[in-house]
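Chemist: Enclosed is the structure file input-v6.csv (CSV, C-alpha atoms).
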chain,number,residue,atom,x,y,z
D,1,MET,CA,190.6,39.7,168.2
D,2,VAL,CA,190.5,42.7,170.5
D,3,LYS,CA,193.2,45.4,170.3
D,4,ARG,CA,193.4,48.3,172.8
D,5,ILE,CA,195.3,51.5,172.0
D,6,SER,CA,195.7,53.5,175.3
D,7,THR,CA,196.7,57.1,176.0
D,8,PRO,CA,196.5,59.0,179.3
D,9,LEU,CA,193.2,60.6,178.1
D,10,TYR,CA,191.4,57.8,176.2
D,11,GLU,CA,191.5,54.2,175.1
D,12,ASP,CA,190.4,53.0,171.7
D,13,VAL,CA,189.0,49.5,171.6
D,14,ILE,CA,189.2,47.8,168.2
D,15,ILE,CA,187.4,44.4,167.8
D,16,THR,CA,188.3,42.6,164.6
D,17,ILE,CA,186.0,39.9,163.1
D,18,GLU,CA,187.5,37.6,160.6
D,19,ASN,CA,185.9,35.2,158.1
D,20,LYS,CA,188.3,32.2,158.2
D,21,GLY,CA,185.9,30.0,156.3
D,22,ASN,CA,185.2,29.4,152.6
D,23,VAL,CA,181.7,30.8,152.5
D,24,ILE,CA,180.6,34.4,152.2
D,25,GLU,CA,178.8,35.5,155.3
D,26,LYS,CA,175.9,37.9,154.7
D,27,ASP,CA,174.1,39.8,157.4
D,28,TYR,CA,176.5,38.5,160.0
D,29,LYS,CA,175.5,39.5,163.5
D,30,THR,CA,177.8,39.5,166.4
D,31,TYR,CA,177.3,40.6,170.1
D,32,GLN,CA,179.9,42.4,172.2
D,33,THR,CA,179.9,43.2,175.9
D,34,LEU,CA,180.6,46.9,176.6
D,35,PRO,CA,180.8,48.9,179.8
D,36,ASN,CA,177.5,50.6,180.6
D,37,ASN,CA,178.9,54.0,181.8
D,38,ASP,CA,179.6,57.5,180.7
D,39,LEU,CA,183.1,56.6,179.5
D,40,ILE,CA,182.0,55.6,176.1
D,41,THR,CA,181.7,58.8,174.0
D,42,GLY,CA,182.0,57.6,170.5
D,43,MET,CA,181.5,54.5,168.3
D,44,VAL,CA,182.9,54.2,164.9
D,45,THR,CA,180.6,51.2,164.3
D,46,GLU,CA,177.0,51.9,165.4
D,47,PRO,CA,175.3,49.0,167.1
D,48,ILE,CA,171.9,47.9,165.8
D,49,ASP,CA,170.6,47.4,169.4
D,50,CYS,CA,171.9,47.3,173.0
D,51,GLU,CA,170.5,45.6,176.1
D,52,VAL,CA,171.7,46.7,179.6
D,53,GLU,CA,172.8,43.9,182.0
D,54,GLY,CA,174.0,45.3,185.3
D,55,GLU,CA,177.2,47.3,184.8
D,56,ASN,CA,177.5,46.2,181.2
D,57,LYS,CA,175.5,46.3,178.1
D,58,ILE,CA,175.3,43.8,175.3
D,59,CYS,CA,175.4,45.4,171.9
D,60,GLY,CA,174.6,43.7,168.6
D,61,TYR,CA,176.5,44.6,165.4
D,62,LEU,CA,175.6,43.7,161.8
D,63,VAL,CA,178.2,43.1,159.1
D,64,GLU,CA,176.3,43.1,155.8
D,65,GLU,CA,178.9,41.0,154.0
D,66,LEU,CA,182.1,39.2,155.1
D,67,THR,CA,183.9,37.4,152.3
D,68,PRO,CA,186.4,34.5,153.0
D,69,GLY,CA,189.7,35.9,154.3
D,70,SER,CA,188.3,39.3,154.9
D,71,SER,CA,187.7,41.1,158.2
D,72,ALA,CA,185.5,43.8,159.7
D,73,MET,CA,186.2,46.1,162.6
D,74,ILE,CA,184.0,47.4,165.5
D,75,THR,CA,185.6,50.4,167.3
D,76,TYR,CA,184.6,52.4,170.3
D,77,ARG,CA,186.5,54.9,172.5
D,78,LEU,CA,186.7,55.1,176.3
D,79,ASN,CA,187.4,58.7,177.3
D,80,TYR,CA,189.1,58.9,180.7
D,81,TRP,CA,188.7,62.7,180.9
D,82,VAL,CA,185.1,62.0,182.1
D,83,ILE,CA,186.6,60.5,185.3
D,84,TYR,CA,189.2,63.2,185.5
D,85,GLY,CA,186.4,65.8,185.2
D,86,GLU,CA,184.4,64.2,188.0
D,87,TYR,CA,187.5,64.1,190.2
D,88,ALA,CA,188.4,67.7,189.4
D,89,LEU,CA,184.8,68.8,190.3
D,90,ILE,CA,185.0,67.0,193.6
D,91,VAL,CA,188.4,68.6,194.3
D,92,LEU,CA,187.1,72.0,193.4
D,93,ILE,CA,184.0,71.6,195.7
D,94,ILE,CA,186.3,70.5,198.6
D,95,ILE,CA,188.6,73.5,198.0
D,96,ALA,CA,185.6,75.8,197.9
D,97,ILE,CA,184.2,74.4,201.1
D,98,ILE,CA,187.6,74.7,202.8
D,99,THR,CA,188.2,78.2,201.5
D,100,PHE,CA,184.7,79.4,202.6
D,101,SER,CA,185.1,77.9,206.0
D,102,PHE,CA,188.6,79.4,206.4
D,103,ILE,CA,187.3,82.9,205.4
D,104,ARG,CA,184.4,82.5,207.7
D,105,VAL,CA,186.4,81.6,210.8
D,106,THR,CA,189.0,84.2,210.1
D,107,SER,CA,186.7,87.1,209.3
D,108,PRO,CA,185.9,89.8,212.0
D,109,THR,CA,182.3,89.6,213.2
D,110,ILE,CA,179.8,91.8,215.0
D,111,ALA,CA,176.9,90.1,216.8
D,112,LYS,CA,173.8,92.0,218.2
D,113,ARG,CA,171.7,90.5,220.9
D,114,HIS,CA,169.6,91.6,223.9
D,115,ALA,CA,168.7,90.7,227.5
D,116,LYS,CA,165.4,91.7,229.1
D,117,LYS,CA,165.9,93.8,232.2
D,118,GLY,CA,162.3,94.5,233.1
D,119,GLU,CA,158.8,94.8,231.5
D,120,ASP,CA,159.9,97.5,229.0
D,121,LYS,CA,163.7,97.7,229.6
D,122,HIS,CA,166.3,95.8,227.6
D,123,SER,CA,170.1,95.6,227.5
D,124,ILE,CA,171.5,95.7,224.0
D,125,ILE,CA,174.8,93.8,223.6
D,126,LEU,CA,177.2,94.3,220.7
D,127,GLU,CA,180.0,91.7,220.6
D,128,ILE,CA,182.9,92.5,218.2
D,129,LYS,CA,185.3,89.7,217.5
D,130,ASN,CA,188.6,89.8,215.7
D,131,PRO,CA,190.0,86.3,215.0
D,132,PHE,CA,193.6,85.4,214.6
D,133,MET,CA,194.3,86.6,211.1
D,134,HIS,CA,193.8,90.4,211.0
D,135,HIS,CA,194.9,93.6,212.7
D,136,LEU,CA,192.0,96.0,212.5
D,137,ARG,CA,192.7,99.7,212.3
D,138,ASN,CA,190.4,102.6,213.2
D,139,VAL,CA,187.5,100.4,214.2
D,140,ILE,CA,184.2,102.3,214.3
D,141,VAL,CA,180.9,100.7,215.5
D,142,ARG,CA,177.5,102.2,214.6
D,143,ASP,CA,174.1,101.1,215.9
D,144,TRP,CA,170.6,102.5,215.5
D,145,VAL,CA,167.7,102.5,217.9
D,146,SER,CA,164.2,102.5,216.7
D,147,PRO,CA,162.2,105.7,217.3
D,148,LEU,CA,159.8,103.5,219.2
D,149,ALA,CA,162.4,103.0,221.9
D,150,ARG,CA,164.5,105.4,224.0
D,151,VAL,CA,168.1,105.1,224.9
D,152,LEU,CA,168.8,105.3,228.7
D,153,HIS,CA,171.8,107.6,228.6
D,154,GLU,CA,172.0,107.7,232.4
D,155,GLU,CA,172.7,104.0,232.5
D,156,PHE,CA,175.7,103.8,230.2
D,157,GLU,CA,178.3,101.8,232.1
D,158,MET,CA,181.3,102.1,229.7
D,159,LEU,CA,182.4,103.4,226.3
D,160,MET,CA,180.2,106.5,226.0
D,161,PRO,CA,179.1,106.8,222.3
D,162,VAL,CA,178.5,109.8,220.1
D,163,VAL,CA,174.7,110.2,220.0
D,164,ARG,CA,172.8,111.5,217.0
D,165,ARG,CA,169.0,111.8,217.2
D,166,SER,CA,166.6,112.2,214.3
D,167,GLU,CA,163.0,111.3,213.4
D,168,ALA,CA,164.4,107.9,212.1
D,169,GLY,CA,165.6,107.1,215.6
D,170,THR,CA,168.9,107.3,217.6
D,171,GLU,CA,172.3,106.6,216.1
D,172,LEU,CA,175.1,105.5,218.4
D,173,ILE,CA,178.7,105.7,217.3
D,174,TRP,CA,181.7,104.1,219.2
D,175,LYS,CA,185.3,104.7,218.1
D,176,LEU,CA,187.3,101.6,219.3
D,177,GLY,CA,190.6,102.4,217.7
D,178,ASP,CA,192.7,99.4,216.7
D,179,MET,CA,192.0,95.7,217.5
D,180,ARG,CA,194.7,93.1,217.7
D,181,PRO,CA,194.2,89.5,216.5
D,182,LYS,CA,192.2,87.3,218.9
D,183,GLU,CA,190.7,90.4,220.6
D,184,THR,CA,187.0,90.7,221.5
D,185,ARG,CA,185.2,93.9,222.6
D,186,ILE,CA,181.8,94.0,224.3
D,187,ILE,CA,179.5,97.1,224.1
D,188,THR,CA,176.3,97.3,226.1
D,189,TYR,CA,173.6,99.9,226.5
D,190,LYS,CA,170.1,100.0,227.7
D,191,ILE,CA,166.8,101.0,226.1
D,192,LYS,CA,163.2,101.4,227.1
D,193,THR,CA,160.6,100.4,224.6
D,194,LEU,CA,157.7,102.9,224.1
D,195,VAL,CA,155.2,100.3,222.7
D,196,GLN,CA,154.1,96.9,223.6
D,197,GLY,CA,154.9,93.8,221.6
D,198,SER,CA,157.8,93.0,219.3
D,199,LEU,CA,160.1,95.8,218.2
D,200,ARG,CA,162.4,95.3,215.2
D,201,MET,CA,165.8,96.9,215.8
D,202,PRO,CA,168.0,97.8,212.8
D,203,LYS,CA,171.3,96.1,212.0
D,204,SER,CA,174.5,97.4,213.6
D,205,TYR,CA,177.8,97.5,211.7
D,206,MET,CA,181.5,97.8,212.2
D,207,ARG,CA,183.9,99.6,209.9
D,208,PHE,CA,187.6,99.2,209.9
D,209,SER,CA,190.7,99.4,207.8
D,210,SER,CA,193.3,96.7,207.0
D,211,ASP,CA,197.0,97.1,207.2
D,212,ARG,CA,196.9,97.9,203.5
D,213,GLY,CA,194.3,100.6,204.0
D,214,LYS,CA,191.4,98.7,202.6
D,215,LYS,CA,188.1,99.8,204.3
D,216,THR,CA,185.5,97.1,205.1
D,217,ARG,CA,182.0,97.1,206.6
D,218,ILE,CA,180.5,94.1,208.4
D,219,PHE,CA,176.9,94.0,209.5
D,220,SER,CA,175.2,92.2,212.3
D,221,LYS,CA,171.8,90.4,211.9
D,222,GLN,CA,168.6,92.3,212.7
D,223,LEU,CA,167.3,92.0,216.2
D,224,ILE,CA,163.7,91.5,217.5
D,225,VAL,CA,163.1,92.9,221.0
D,226,GLU,CA,160.1,91.4,222.7
Can you turn what I pasted into structure tokens?
Modeler:
Amino acid sequence: MVKRISTPLYEDVIITIENKGNVIEKDYKTYQTLPNNDLITGMVTEPIDCEVEGENKICGYLVEELTPGSSAMITYRLNYWVIYGEYALIVLIIIAIITFSFIRVTSPTIAKRHAKKGEDKHSIILEIKNPFMHHLRNVIVRDWVSPLARVLHEEFEMLMPVVRRSEAGTELIWKLGDMRPKETRIITYKIKTLVQGSLRMPKSYMRFSSDRGKKTRIFSKQLIVE
């Protein structure tokens, strides 16, 4: 006889073996088919051996003595929280992916790229994008030019920056003011490289304040000018 006691979190399976004969059964062996999965977390009666057959396993149990009219029980528990835990983990992973994707597509970005204009002349392009979620206040863009390159000040076409020179190179600062949602700004300037080969340009970054006054910095990737 098999009895099942179910709750939302687990199910206890109780198998009752009865001796309905008139003879004492000694070392009585019985085999039961159990699910071969991670749901089984506890057995009141330990099996003497188990053999896996597909999705099930056949377990043998030994009852040392079973007198006429008496019974013995074999019990194991199926814990459903294992399944709930797997589902919860999947849901958390999905939520994390959605959250990360949402933050990524709604975060302001600054991209730095270049276009070659001659043998040693390059146009540096800074693209500042503000997606649909944020209103950016007091946007400031900073960029640095390697000391192995020279900024062509005479070829600035728009948005003249504040220029600071040092032994570490040239710093360029643009004050863009506020940026509305879905607004994009493009900044370009030209440089002339002073060496041959590849030239690593530092990252640029934008700094801004949110409506609540929180200040944030966002960096571009490094740029290799060739």
Chemist: If we count only C-alpha atoms, what is near region 92-106 of chain D at a cut-off of 9 Å, once residues fewer than 6 positions away on the same chain are taken out, given as a list in words?
Modeler: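 Once the nearby chain positions are removed, what remains is Asn130, Pro131, Phe132, Met133 and His134 of chain D.
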Chemist: Go ahead and fit an axis-aligned box to every listed atom of region 90-101 of chain D plus 4 Å each side, and pass me the centre and edge lengths in Å, one decimal, as JSON.
Modeler:
{"center_x": 186.3, "center_y": 73.2, "center_z": 199.7, "size_x": 12.6, "size_y": 20.4, "size_z": 20.6}
Chemist: Contacts between region 177-191 of chain D and region 7-124 of chain D, please, where a residue of region 7-124 of chain D counts if it comes within 9 Å (with only C-alpha atoms); show its shortest atom pair and distance in Å to one decimal, rows by chain and ascending number, as a Markdown table.
Modeler:
| residue | atom | partner | partner_atom | distance |
| --- | --- | --- | --- | --- |
| D:Lys117 | CA | D:Lys190 | CA | 8.7 |
| D:Asp120 | CA | D:Ile191 | CA | 8.3 |
| D:Lys121 | CA | D:Ile191 | CA | 5.7 |
| D:His122 | CA | D:Ile191 | CA | 5.4 |
| D:Ser123 | CA | D:Lys190 | CA | 4.4 |
| D:Ile124 | CA | D:Tyr189 | CA | 5.3 |
Chemist: Excluding Gly69 (chain D) and its own-chain neighbours fewer than 3 positions away, which residues fall within 12 Å of it when counting only C-alpha atoms? Please give them as a list in words.
Modeler: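 My list of contacting residues is Ile17, Glu18, Asn19, Lys20, Gly21, Asn22, Val23, Ile24, Glu25, Glu65, Leu66 and Ala72 of chain D.
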Chemist: Identify, on the basis of all atoms listed in the file, every residue whose closest approach to Thr30 (chain D) does not exceed 10 Å; exclude the query and any residue fewer than 4 positions from it along the same chain; express the result as a PyMOL selection string.
Modeler: chain D and resi 17+47+59-63
Chemist: Which is closest to Val2 (chain D) among D:Ile83, D:Tyr76, D:Ser166, D:Thr45, if we use only C-alpha atoms?
Modeler: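 The answer is D:Tyr76, which sits nearest to Val2 (chain D).
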Chemist: Which one is closest to Arg4 (chain D): D:Glu46, D:Ser220, D:Arg77, D:Ala149? Count all atoms listed in the file.
Modeler: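 Residue with the minimum atom-to-atom distance to Arg4 (chain D): D:Arg77.
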Chemist: What is the distance, in Å and to one decimal place, between CA of Ser146 (chain D) and CA of Met201 (chain D)?
Modeler: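 These two atoms are separated by 5.9 Å.
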Chemist: Name the residues in contact with Val163 (chain D) at a cut-off of 8 Å, using all atoms listed in the file, excluding same-chain residues fewer than 5 positions from it; report them as an MDAnalysis selection string.
Modeler: chainID D and resid 170:173
Chemist: One decimal, in Å: what's the spacing between CA of Arg137 (chain D) and CA of Trp174 (chain D)?
Modeler: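 A separation of 13.7 Å between them.
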Chemist: Interatomic distance between CA of Pro35 (chain D) and CA of Ile58 (chain D)?
Modeler: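 Spanning CA of Pro35 (chain D) to CA of Ile58 (chain D) is a straight-line distance of 8.7 Å.
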Chemist: So which one's closest to Leu199 (chain D), D:Glu226, D:Asp211, D:Glu155, D:Asp49? Using all atoms listed in the file, please.
Modeler: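 Going through D:Glu226, D:Asp211, D:Glu155, D:Asp49 one by one, the smallest distance to Leu199 (chain D) is for D:Glu226.
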Chemist: Neighbourhood query: residues within 10 Å of (156.2, 107.1, 224.7), file coordinates, counting all atoms listed in the file; return as JSON, numbers by chain.
Modeler: {"D": [147, 148, 149, 150, 192, 193, 194, 195]}
Chemist: Which residues are close to Lys215 (chain D), i.e. within 12 Å by all atoms listed in the file, leaving aside same-chain residues fewer than 2 positions away? Reply as a list of chain:residue names.
Modeler: D:Leu136, D:Arg137, D:Asn138, D:Val139, D:Ile140, D:Met206, D:Arg207, D:Phe208, D:Ser209, D:Ser210, D:Asp211, D:Arg212, D:Gly213, D:Arg217, D:Ile218
Chemist: Which residue out of D:Tyr205, D:Ala168, D:Gln196, D:Val82 has the minimum interatomic distance to Pro108 (chain D) when only C-alpha atoms are used?
Modeler: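 Selected residue with least distance to Pro108 (chain D): D:Tyr205.
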